[in-house]
Amino acid sequence: KIYSLRKSTYINLRWTAYFGQLTAILLVKFLLEFQFNYIACILIIIISILTNLYLEFKLQESQLDNYKSTIFLIFDIFQLFALFFLTGGITNPFIFIMIIPAVFSSQYLNLKSSVILVLITSLLVIILTFYFYNLPGPSGEPHFHVPDYYLYSIPISIIIGLVYLVYFGAMFGKESRIRKEAYDKIQEIMSKENELLSLGAQAAAAAHSLGTPLSTILLTANELKKDFGNDEKIIKDLDLLISQSTRCREILKKLSLNPSIEDDFIDKDLSL
């Protein structure tokens with residue numbers, strides 16, 4: 001599959017993300033004692049963990065095709081959206097993580113999937129600019145506020161960075177796939193060439209083994225020709241037998257000598 005994700009790698013990345021999210025929430029709540037709806041955040045992470053368990057134990061294929069990969073990455077984007085919605089929205093310092101699924105997809109999935117993920121991410125980032133719960137902070141202190149011009153510049157910078165990274169990710173991913181296809185093609189040609197060389201060696205060995213019995217047949221036919229010299233019908237058959245035996249000897253001689261012949265692989269100029 002040209003456009004796919006390796007399931008084991010994707011699952012491990014998700015486990016790492018969920019561990020980091022859960023650790024951050026617990027530290028902010030119980031170590032820093034900031035006030036926010038941490039129970040809802042934990043429930044969101046638990047639901048995400050269940051999807052990862054489904055991905056690991058229910059889906060048997062080792063590679064996730066383009067469609068399934070896109071669906072799971074869309075879920076990841078909405079999962080991040082829900083967490084940021086509860087923890088400060090666009091003012092959350094970790095908001096840049098929102099772009100990771102789309103950038104990740106640009107390396108491995110087709111352009112259509114990358115465009116869909118970019119559009120979804122951009123829309124959710126804009127929503128988080130206007131609608132979100134306040135950034136967690138110590139109880140009793142005023143909520144964190146930023147000037148409007150700064151607040152609106154954050155989603156603009158994120159979207160610009162998202163488009164930039166996805167574009168270059170798609171370009172590098174395309175070049176990587178071209179190199180992989182070329183490498184696979186070269187391996188295929190080399191494998192066929194090796195088979196041909198192996199067949200040539202076997203043919204030479206067969207020619208050497210068949211040389212002795214063929215010489216015996218030819219010698220016997222010549223002796224029979226001497227004995228039945230007056231029988232034209234038998235002589236005609238023996239002449240045919242001798243001529244064909246001689247022809248076989250010439251063919252086997254060529255195989256034994258392994259003469260230089262034109263080779264489509266060796267003599268043809270190839271490029272990646």
# chains A, B, ... in the order shown; residues from 1 in each chain; ligands from 1
>>> select_by_dssp(residues="range 70-153 of chain A", states="alpha helix (DSSP H)", output="ChimeraX atom specification")
/A:70-86,100-108,111-130,148-153
>>> closest_atom_pairs(of="range 124-225 of chain A", to="range 84-100 of chain A", cutoff="6 Å", atoms="only C-alpha atoms", output="tab-separated table")
residue	atom	partner	partner_atom	distance
A:Leu128	CA	A:Gly89	CA	4.8
A:Thr129	CA	A:Ile90	CA	5.2
A:Phe132	CA	A:Phe85	CA	4.7
A:Tyr133	CA	A:Leu86	CA	5.2
A:Asn134	CA	A:Gly88	CA	4.6
A:Leu135	CA	A:Gly88	CA	3.6
A:Leu162	CA	A:Ile99	CA	5.9
>>> write_last_selection(atoms="all heavy atoms", output="CSV table (one decimal), in the first residue's frame")
chain,number,residue,atom,x,y,z
A,128,LEU,N,-11.8,27.6,18.7
A,128,LEU,CA,-11.1,27.7,20.0
A,128,LEU,C,-10.7,29.1,20.2
A,128,LEU,O,-10.4,29.5,21.4
A,128,LEU,CB,-9.9,26.8,20.0
A,128,LEU,CG,-10.2,25.3,20.1
A,128,LEU,CD1,-9.0,24.4,20.0
A,128,LEU,CD2,-11.0,25.0,21.4
A,129,THR,N,-10.6,30.0,19.2
A,129,THR,CA,-10.3,31.3,19.4
A,129,THR,C,-11.4,32.1,20.1
A,129,THR,O,-11.1,33.1,20.9
A,129,THR,CB,-10.0,32.0,18.1
A,129,THR,OG1,-8.9,31.2,17.4
A,129,THR,CG2,-9.5,33.4,18.2
A,132,PHE,N,-14.2,28.9,24.5
A,132,PHE,CA,-13.4,28.0,25.3
A,132,PHE,C,-13.6,28.3,26.8
A,132,PHE,O,-14.0,29.4,27.1
A,132,PHE,CB,-11.9,28.1,25.0
A,132,PHE,CG,-11.3,29.5,25.0
A,132,PHE,CD1,-10.9,30.0,26.2
A,132,PHE,CD2,-11.3,30.3,23.9
A,132,PHE,CE1,-10.3,31.3,26.3
A,132,PHE,CE2,-10.8,31.6,24.0
A,132,PHE,CZ,-10.3,32.1,25.2
A,133,TYR,N,-13.3,27.4,27.6
A,133,TYR,CA,-13.2,27.6,29.1
A,133,TYR,C,-11.9,28.3,29.4
A,133,TYR,O,-10.9,28.0,28.7
A,133,TYR,CB,-13.4,26.4,29.9
A,133,TYR,CG,-14.8,25.9,29.9
A,133,TYR,CD1,-15.3,25.0,28.9
A,133,TYR,CD2,-15.7,26.3,30.9
A,133,TYR,CE1,-16.6,24.5,29.0
A,133,TYR,CE2,-17.0,25.9,30.9
A,133,TYR,CZ,-17.5,25.0,29.9
A,133,TYR,OH,-18.8,24.5,30.0
A,134,ASN,N,-11.9,29.1,30.4
A,134,ASN,CA,-10.7,29.8,30.8
A,134,ASN,C,-9.5,28.9,31.1
A,134,ASN,O,-9.6,27.8,31.5
A,134,ASN,CB,-10.9,30.8,32.0
A,134,ASN,CG,-11.9,31.9,31.6
A,134,ASN,OD1,-11.8,32.5,30.6
A,134,ASN,ND2,-12.8,32.2,32.6
A,135,LEU,N,-8.3,29.5,30.8
A,135,LEU,CA,-7.1,28.7,31.1
A,135,LEU,C,-7.0,28.4,32.6
A,135,LEU,O,-7.2,29.3,33.4
A,135,LEU,CB,-5.9,29.6,30.6
A,135,LEU,CG,-4.5,28.9,30.7
A,135,LEU,CD1,-4.4,27.8,29.6
A,135,LEU,CD2,-3.4,29.9,30.5
A,162,LEU,N,0.6,25.5,9.9
A,162,LEU,CA,0.0,24.2,9.5
A,162,LEU,C,0.1,24.0,8.0
A,162,LEU,O,0.5,22.9,7.5
A,162,LEU,CB,-1.4,24.2,10.0
A,162,LEU,CG,-2.3,23.0,9.5
A,162,LEU,CD1,-1.8,21.7,10.1
A,162,LEU,CD2,-3.7,23.2,9.9
>>> closest_residue(among="A:Arg249, A:His145, A:Lys112, A:Lys226", to="Leu210 in chain A", atoms="only C-alpha atoms")
A:Arg249
>>> closest_residue(among="A:Ser153, A:Thr121, A:Gln107, A:Gln35", to="Ser139 in chain A", atoms="only C-alpha atoms")
A:Gln35
>>> closest_residue(among="A:Ile116, A:Leu27, A:Leu73, A:Val125", to="Leu13 in chain A", atoms="only C-alpha atoms")
A:Leu73
>>> residues_around(residues="range 166-175 of chain A", least_positions_apart="4", cutoff="10 Å", atoms="only C-alpha atoms", output="PyMOL selection string")
chain A and resi 2-3+99-111+114-115+117-118+161-162+179-181
>>> closest_residue(among="A:Cys248, A:Leu59, A:Ile39, A:Ile126", to="Ile154 in chain A", atoms="only C-alpha atoms")
A:Ile126
>>> residues_around(residues="Thr9 in chain A", least_positions_apart="5", cutoff="10 Å", atoms="only C-alpha atoms", output="number ranges by chain")
A: 14, 62-63
>>> atom_distance(atom1="CA of Leu238 in chain A", atom2="CA of Ala221 in chain A")
6.1 Å
>>> closest_residue(among="A:Gln187, A:Ser209, A:Asn222, A:Asn230", to="Ser243 in chain A", atoms="only C-alpha atoms")
A:Asn222
>>> closest_residue(among="A:Glu56, A:Asp239, A:Glu193, A:Glu188", to="Leu218 in chain A", atoms="only C-alpha atoms")
A:Asp239
>>> select_by_dssp(residues="range 31-202 of chain A", states="strand (DSSP E or B)", output="PyMOL selection string")
chain A and resi 34-35+63-65+137-138
>>> residues_around(residues="Leu53 in chain A", least_positions_apart="6", cutoff="12 Å", atoms="only C-alpha atoms", output="list of chain:residue names")
A:Lys7, A:Ser8, A:Ile11, A:Asn12, A:Arg14, A:Trp15, A:Ile46, A:Ile47, A:Leu59
>>> atom_distance(atom1="CA of Ile71 in chain A", atom2="CA of Ile178 in chain A")
25.3 Å
